[in-house]
file query_10.cif (mmCIF, C-alpha atoms and all ligand atoms)
data_run
#
loop_
_atom_site.label_atom_id
_atom_site.label_comp_id
_atom_site.auth_asym_id
_atom_site.auth_seq_id
_atom_site.Cartn_x
_atom_site.Cartn_y
_atom_site.Cartn_z
CA MET A 1 60.82 264.04 13.35
CA SER A 2 64.55 263.37 13.21
CA LEU A 3 67.37 265.36 11.68
CA SER A 4 71.09 265.16 11.74
CA ILE A 5 73.77 267.78 12.13
CA SER A 6 77.48 267.69 11.54
CA LEU A 7 79.71 269.49 13.96
CA THR A 8 83.31 269.55 15.02
CA LEU A 9 83.34 268.41 18.63
CA ASN A 10 86.60 268.76 20.53
CA GLY A 11 88.50 268.66 17.26
CA THR A 12 86.72 265.66 15.76
CA GLU A 13 84.06 265.88 13.06
CA ARG A 14 80.86 264.17 14.13
CA GLU A 15 77.54 263.42 12.49
CA VAL A 16 74.89 263.49 15.16
CA ALA A 17 71.31 262.34 14.72
CA LEU A 18 68.81 264.36 16.74
CA ASP A 19 65.65 262.42 17.47
CA ASP A 20 64.08 265.55 18.95
CA PRO A 21 64.67 268.93 17.27
CA ARG A 22 64.18 270.62 20.65
CA VAL A 23 67.14 268.95 22.34
CA THR A 24 69.58 271.39 23.89
CA LEU A 25 73.31 271.23 23.35
CA LEU A 26 73.68 270.50 27.08
CA ASP A 27 71.43 267.45 26.96
CA LEU A 28 73.01 266.29 23.73
CA LEU A 29 76.47 266.42 25.30
CA ARG A 30 75.59 264.83 28.61
CA GLU A 31 72.95 262.30 27.72
CA ARG A 32 73.70 261.28 24.16
CA LEU A 33 77.42 261.86 23.61
CA ASP A 34 78.69 260.78 27.05
CA LEU A 35 80.41 264.11 27.67
CA ALA A 36 79.29 264.64 31.24
CA GLY A 37 82.01 267.14 32.13
CA THR A 38 79.64 269.96 31.19
CA LYS A 39 77.36 270.41 34.18
CA LYS A 40 73.65 271.15 34.49
CA GLY A 41 72.91 273.62 37.25
CA CYS A 42 69.81 275.74 36.69
CA ASP A 43 68.99 274.63 33.11
CA ARG A 44 67.70 278.16 32.47
CA GLY A 45 70.68 280.33 31.69
CA GLN A 46 71.35 281.70 35.14
CA CYS A 47 74.33 279.83 36.60
CA GLY A 48 76.90 279.27 33.87
CA ALA A 49 77.62 275.66 34.90
CA CYS A 50 76.87 274.51 31.36
CA THR A 51 79.25 276.92 29.58
CA VAL A 52 80.99 275.60 26.46
CA LEU A 53 82.64 277.28 23.49
CA VAL A 54 80.82 277.46 20.16
CA ASP A 55 83.04 278.78 17.37
CA GLY A 56 85.36 280.06 20.11
CA ARG A 57 82.70 282.02 21.98
CA ARG A 58 81.27 281.04 25.34
CA VAL A 59 77.63 280.07 25.40
CA ASN A 60 75.21 278.57 27.88
CA SER A 61 74.63 275.14 26.37
CA CYS A 62 71.33 274.81 28.26
CA LEU A 63 69.95 277.68 26.15
CA THR A 64 71.39 276.51 22.84
CA LEU A 65 69.38 274.25 20.57
CA ALA A 66 71.60 271.54 19.12
CA ALA A 67 69.71 271.79 15.84
CA THR A 68 71.13 275.29 15.30
CA LEU A 69 74.71 274.02 15.37
CA ASP A 70 75.10 272.39 11.99
CA GLY A 71 78.68 273.15 10.90
CA ALA A 72 79.69 274.61 14.27
CA ASP A 73 82.89 274.03 16.19
CA VAL A 74 82.11 273.04 19.78
CA THR A 75 84.67 272.73 22.57
CA THR A 76 83.83 271.27 25.95
CA ILE A 77 85.94 270.81 29.06
CA GLU A 78 86.96 267.37 27.73
CA GLY A 79 88.57 269.04 24.72
CA LEU A 80 90.90 271.48 26.49
CA ALA A 81 93.86 269.37 27.57
CA ARG A 82 96.44 268.27 25.03
CA GLU A 83 97.20 264.63 25.89
CA ASP A 84 98.91 264.85 29.31
CA ASP A 85 99.21 268.65 29.27
CA LEU A 86 96.43 270.52 30.99
CA HIS A 87 95.24 273.75 29.40
CA PRO A 88 96.83 276.77 31.18
CA VAL A 89 93.42 277.70 32.63
CA GLN A 90 92.95 274.20 34.06
CA GLN A 91 96.42 274.28 35.61
CA ALA A 92 95.82 277.77 37.00
CA PHE A 93 92.61 276.66 38.74
CA ILE A 94 94.60 273.90 40.46
CA ASP A 95 97.47 276.22 41.36
CA ASN A 96 95.18 278.87 42.87
CA ASP A 97 92.54 276.80 44.65
CA GLY A 98 89.95 277.95 42.15
CA PHE A 99 87.43 275.30 43.17
CA GLN A 100 85.96 273.64 46.19
CA CYS A 101 83.18 271.15 45.42
CA GLY A 102 84.11 271.48 41.74
CA TYR A 103 80.58 271.41 40.36
CA CYS A 104 80.75 274.82 38.72
CA THR A 105 84.39 274.37 37.71
CA PRO A 106 84.05 273.09 34.11
CA GLY A 107 81.77 276.02 33.32
CA GLN A 108 84.08 278.46 35.10
CA ILE A 109 87.07 277.15 33.17
CA MET A 110 85.30 277.27 29.80
CA SER A 111 84.06 280.76 30.56
CA ALA A 112 87.60 281.83 31.53
CA VAL A 113 88.99 280.45 28.27
CA GLY A 114 86.36 282.43 26.36
CA LEU A 115 86.96 285.56 28.42
CA ILE A 116 90.71 285.44 27.81
CA ALA A 117 90.09 285.04 24.08
CA GLU A 118 87.79 288.08 24.17
CA GLY A 119 90.78 290.07 25.41
CA THR A 120 88.72 292.73 27.18
CA THR A 121 89.86 292.55 30.80
CA GLY A 122 93.64 292.53 30.90
CA ASP A 123 94.59 291.14 34.30
CA ASP A 124 92.49 293.69 36.18
CA PRO A 125 90.71 291.70 38.92
CA GLU A 126 87.55 293.84 38.89
CA ARG A 127 87.12 293.43 35.15
CA ILE A 128 87.80 289.71 35.39
CA ARG A 129 85.14 289.40 38.11
CA GLU A 130 82.70 291.32 35.96
CA GLY A 131 83.56 289.20 32.93
CA MET A 132 83.04 286.00 34.95
CA SER A 133 79.87 287.21 36.66
CA GLY A 134 77.63 284.91 34.64
CA ASN A 135 79.21 281.93 36.39
CA ILE A 136 77.86 281.25 39.86
CA CYS A 137 79.87 279.33 42.47
CA ARG A 138 77.88 278.14 45.49
CA CYS A 139 81.11 277.60 47.41
CA ALA A 140 82.22 281.18 46.74
CA ALA A 141 85.62 280.23 45.36
CA TYR A 142 85.66 283.56 43.54
CA HIS A 143 88.98 284.79 44.94
CA GLY A 144 90.84 281.72 43.69
CA ILE A 145 88.98 281.83 40.38
CA THR A 146 90.06 285.43 39.79
CA LEU A 147 93.67 284.59 40.68
CA ALA A 148 93.51 281.61 38.33
CA VAL A 149 92.27 283.72 35.43
CA GLN A 150 95.03 286.26 36.07
CA GLN A 151 97.68 283.52 36.11
CA ALA A 152 96.38 281.93 32.92
CA LEU A 153 96.16 285.31 31.17
CA ARG A 154 99.78 286.09 31.98
CA ARG A 155 101.01 282.65 30.99
CA MET A 156 99.12 282.59 27.71
CA ASP A 157 100.31 286.11 26.96
CA ASN A 158 103.91 285.07 27.62
CA ASP A 159 103.47 281.94 25.49
CA ARG A 160 102.14 284.10 22.65
CA LYS A 161 105.08 286.48 22.92
CA GLY A 162 107.47 283.50 23.00
CA ASP A 163 105.87 282.04 19.88
CA ALA A 164 106.11 285.39 18.08
CA ALA A 165 109.81 285.87 18.97
S1 LIG A 201 72.70 275.13 33.52
FE1 LIG A 201 72.94 276.52 31.91
S2 LIG A 201 73.16 278.45 32.86
FE2 LIG A 201 72.69 277.09 34.49
S1 LIG A 202 83.38 275.09 43.54
FE1 LIG A 202 81.50 274.46 44.42
S2 LIG A 202 79.98 275.45 43.24
FE2 LIG A 202 81.82 276.27 42.59
#
call {"tool": "encode", "arguments": {"input": "query_10.cif", "output": "structure tokens"}}
result
Amino acid sequence: MSLSISLTLNGTEREVALDDPRVTLLDLLRERLDLAGTKKGCDRGQCGACTVLVDGRRVNSCLTLAATLDGADVTTIEGLAREDDLHPVQQAFIDNDGFQCGYCTPGQIMSAVGLIAEGTTGDDPERIREGMSGNICRCAAYHGITLAVQQALRRMDNDRKGDAA
């Protein structure tokens, strides 16, 4: 059985044929759409490596059936930068040594973007750690990750205030 869905993927509208209605968003991205920035860790919702944004909210793409996404807006790590300008969260991970091997990093960054949009933590490190607790890092880069989220929060907040002025 085949079906097709239309979705907005990193700002571009796409029609995607699904030859298997059980395909996950993660496998669709990595194996059929050549977007390998999203990583497969556990493939069972426990590590956060596969985190992407669906309609602005962070989801584990390994637990999300692509067939449920008709009409959705999906953002992956490949869709964050604006031409040569890194997203503030990407830049903050570099500035604060927020990664070591880098395997978990796309998921950490996407989760941080979603967390900042949720607006629930302020720059309180404990609340940021709690909010990022679904993302596992085998290298334990958690200190740098927390600093990176704090930096990005402050910068995005300042940018918003600047835009509003
Ligand atoms: S690969 Fe999806 S949560 Fe681990
Ligand atoms: S930086 Fe290595 S798993 Fe996170």
call {"tool": "closest_residue", "arguments": {"input": "query_10.cif", "among": "A:Gln108, A:Gln90, A:Thr68, A:Asn96", "to": "Val52 of chain A", "atoms": "all atoms listed in the file"}}
result
A:Gln108
call {"tool": "residues_near_ligand", "arguments": {"input": "query_10.cif", "ligand": "ligand LIG 202 (chain A)", "cutoff": "7 Å", "atoms": "all atoms listed in the file", "output": "PyMOL selection string"}}
result
chain A and resi 99-105+136-141
call {"tool": "atom_distance", "arguments": {"input": "query_10.cif", "atom1": "atom CA of Asp19 of chain A", "atom2": "atom CA of Gly41 of chain A"}}
result
23.9 Å
call {"tool": "closest_residue", "arguments": {"input": "query_10.cif", "among": "A:Asp157, A:Glu130, A:Glu31, A:Asp20", "to": "Pro88 of chain A", "atoms": "all atoms listed in the file"}}
result
A:Asp157
call {"tool": "residues_around", "arguments": {"input": "query_10.cif", "residues": "segment 76-81 of chain A", "least_positions_apart": "6", "cutoff": "8 Å", "atoms": "all atoms listed in the file", "output": "list in words"}}
result
Leu9, Asn10, Gly11, Leu35, Gly37, Thr38, Val52, Leu53, His87, Pro106, Gly107, Ile109 and Met110 of chain A
call {"tool": "closest_atom_pairs", "arguments": {"input": "query_10.cif", "of": "chain A", "to": "ligand LIG 201 (chain A)", "cutoff": "10 Å", "atoms": "all atoms listed in the file", "output": "JSON lines"}}
result
{"residue": "A:Leu26", "atom": "CA", "partner": "A:LIG201", "partner_atom": "FE1", "distance": 7.8}
{"residue": "A:Thr38", "atom": "CA", "partner": "A:LIG201", "partner_atom": "S1", "distance": 9.0}
{"residue": "A:Lys39", "atom": "CA", "partner": "A:LIG201", "partner_atom": "S1", "distance": 6.7}
{"residue": "A:Lys40", "atom": "CA", "partner": "A:LIG201", "partner_atom": "S1", "distance": 4.2}
{"residue": "A:Gly41", "atom": "CA", "partner": "A:LIG201", "partner_atom": "S1", "distance": 4.0}
{"residue": "A:Cys42", "atom": "CA", "partner": "A:LIG201", "partner_atom": "FE2", "distance": 3.9}
{"residue": "A:Asp43", "atom": "CA", "partner": "A:LIG201", "partner_atom": "S1", "distance": 3.8}
{"residue": "A:Arg44", "atom": "CA", "partner": "A:LIG201", "partner_atom": "S2", "distance": 5.5}
{"residue": "A:Gly45", "atom": "CA", "partner": "A:LIG201", "partner_atom": "S2", "distance": 3.3}
{"residue": "A:Gln46", "atom": "CA", "partner": "A:LIG201", "partner_atom": "S2", "distance": 4.4}
{"residue": "A:Cys47", "atom": "CA", "partner": "A:LIG201", "partner_atom": "FE2", "distance": 3.8}
{"residue": "A:Gly48", "atom": "CA", "partner": "A:LIG201", "partner_atom": "S2", "distance": 4.0}
{"residue": "A:Ala49", "atom": "CA", "partner": "A:LIG201", "partner_atom": "S1", "distance": 5.1}
{"residue": "A:Cys50", "atom": "CA", "partner": "A:LIG201", "partner_atom": "FE1", "distance": 4.4}
{"residue": "A:Thr51", "atom": "CA", "partner": "A:LIG201", "partner_atom": "FE1", "distance": 6.7}
{"residue": "A:Val52", "atom": "CA", "partner": "A:LIG201", "partner_atom": "FE1", "distance": 9.8}
{"residue": "A:Val59", "atom": "CA", "partner": "A:LIG201", "partner_atom": "FE1", "distance": 8.8}
{"residue": "A:Asn60", "atom": "CA", "partner": "A:LIG201", "partner_atom": "FE1", "distance": 5.1}
{"residue": "A:Ser61", "atom": "CA", "partner": "A:LIG201", "partner_atom": "FE1", "distance": 6.0}
{"residue": "A:Cys62", "atom": "CA", "partner": "A:LIG201", "partner_atom": "FE1", "distance": 4.3}
{"residue": "A:Leu63", "atom": "CA", "partner": "A:LIG201", "partner_atom": "FE1", "distance": 6.6}
{"residue": "A:Thr64", "atom": "CA", "partner": "A:LIG201", "partner_atom": "FE1", "distance": 9.2}
{"residue": "A:Cys104", "atom": "CA", "partner": "A:LIG201", "partner_atom": "FE2", "distance": 9.4}
{"residue": "A:Gly107", "atom": "CA", "partner": "A:LIG201", "partner_atom": "FE1", "distance": 9.0}
{"residue": "A:Gly134", "atom": "CA", "partner": "A:LIG201", "partner_atom": "S2", "distance": 8.1}
{"residue": "A:Asn135", "atom": "CA", "partner": "A:LIG201", "partner_atom": "S2", "distance": 7.8}
{"residue": "A:Ile136", "atom": "CA", "partner": "A:LIG201", "partner_atom": "FE2", "distance": 8.5}
call {"tool": "build_atoms", "arguments": {"input": "query_10.cif", "residues": "segment 74-87 of chain A", "atoms": "N, CA and C atoms", "output": "mmCIF file, in the coordinates of the input"}}
result
data_model
loop_
_atom_site.group_PDB
_atom_site.id
_atom_site.type_symbol
_atom_site.label_atom_id
_atom_site.label_comp_id
_atom_site.auth_asym_id
_atom_site.auth_seq_id
_atom_site.Cartn_x
_atom_site.Cartn_y
_atom_site.Cartn_z
ATOM 1 N N VAL A 74 82.482 273.038 18.366
ATOM 2 C CA VAL A 74 82.110 273.040 19.780
ATOM 3 C C VAL A 74 83.275 272.489 20.607
ATOM 4 N N THR A 75 83.632 273.222 21.646
ATOM 5 C CA THR A 75 84.670 272.730 22.570
ATOM 6 C C THR A 75 84.084 272.637 23.966
ATOM 7 N N THR A 76 84.271 271.471 24.574
ATOM 8 C CA THR A 76 83.830 271.270 25.950
ATOM 9 C C THR A 76 85.062 271.094 26.838
ATOM 10 N N ILE A 77 84.829 270.970 28.126
ATOM 11 C CA ILE A 77 85.940 270.810 29.060
ATOM 12 C C ILE A 77 86.798 269.595 28.690
ATOM 13 N N GLU A 78 86.191 268.572 28.099
ATOM 14 C CA GLU A 78 86.960 267.370 27.730
ATOM 15 C C GLU A 78 87.934 267.646 26.598
ATOM 16 N N GLY A 79 87.737 268.763 25.880
ATOM 17 C CA GLY A 79 88.570 269.040 24.720
ATOM 18 C C GLY A 79 89.693 270.025 24.977
ATOM 19 N N LEU A 80 89.896 270.435 26.229
ATOM 20 C CA LEU A 80 90.900 271.480 26.490
ATOM 21 C C LEU A 80 92.322 270.958 26.612
ATOM 22 N N ALA A 81 92.499 269.858 27.321
ATOM 23 C CA ALA A 81 93.860 269.370 27.570
ATOM 24 C C ALA A 81 94.443 268.805 26.274
ATOM 25 N N ARG A 82 95.746 268.885 26.160
ATOM 26 C CA ARG A 82 96.440 268.270 25.030
ATOM 27 C C ARG A 82 97.199 267.069 25.571
ATOM 28 N N GLU A 83 96.659 265.870 25.338
ATOM 29 C CA GLU A 83 97.200 264.630 25.890
ATOM 30 C C GLU A 83 97.426 264.811 27.385
ATOM 31 N N ASP A 84 98.685 264.757 27.860
ATOM 32 C CA ASP A 84 98.910 264.850 29.310
ATOM 33 C C ASP A 84 99.042 266.294 29.790
ATOM 34 N N ASP A 85 99.017 267.253 28.868
ATOM 35 C CA ASP A 85 99.210 268.650 29.270
ATOM 36 C C ASP A 85 97.881 269.342 29.485
ATOM 37 N N LEU A 86 97.638 269.764 30.726
ATOM 38 C CA LEU A 86 96.430 270.520 30.990
ATOM 39 C C LEU A 86 96.488 271.858 30.268
ATOM 40 N N HIS A 87 95.327 272.378 29.922
ATOM 41 C CA HIS A 87 95.240 273.750 29.400
ATOM 42 C C HIS A 87 95.713 274.706 30.503
#
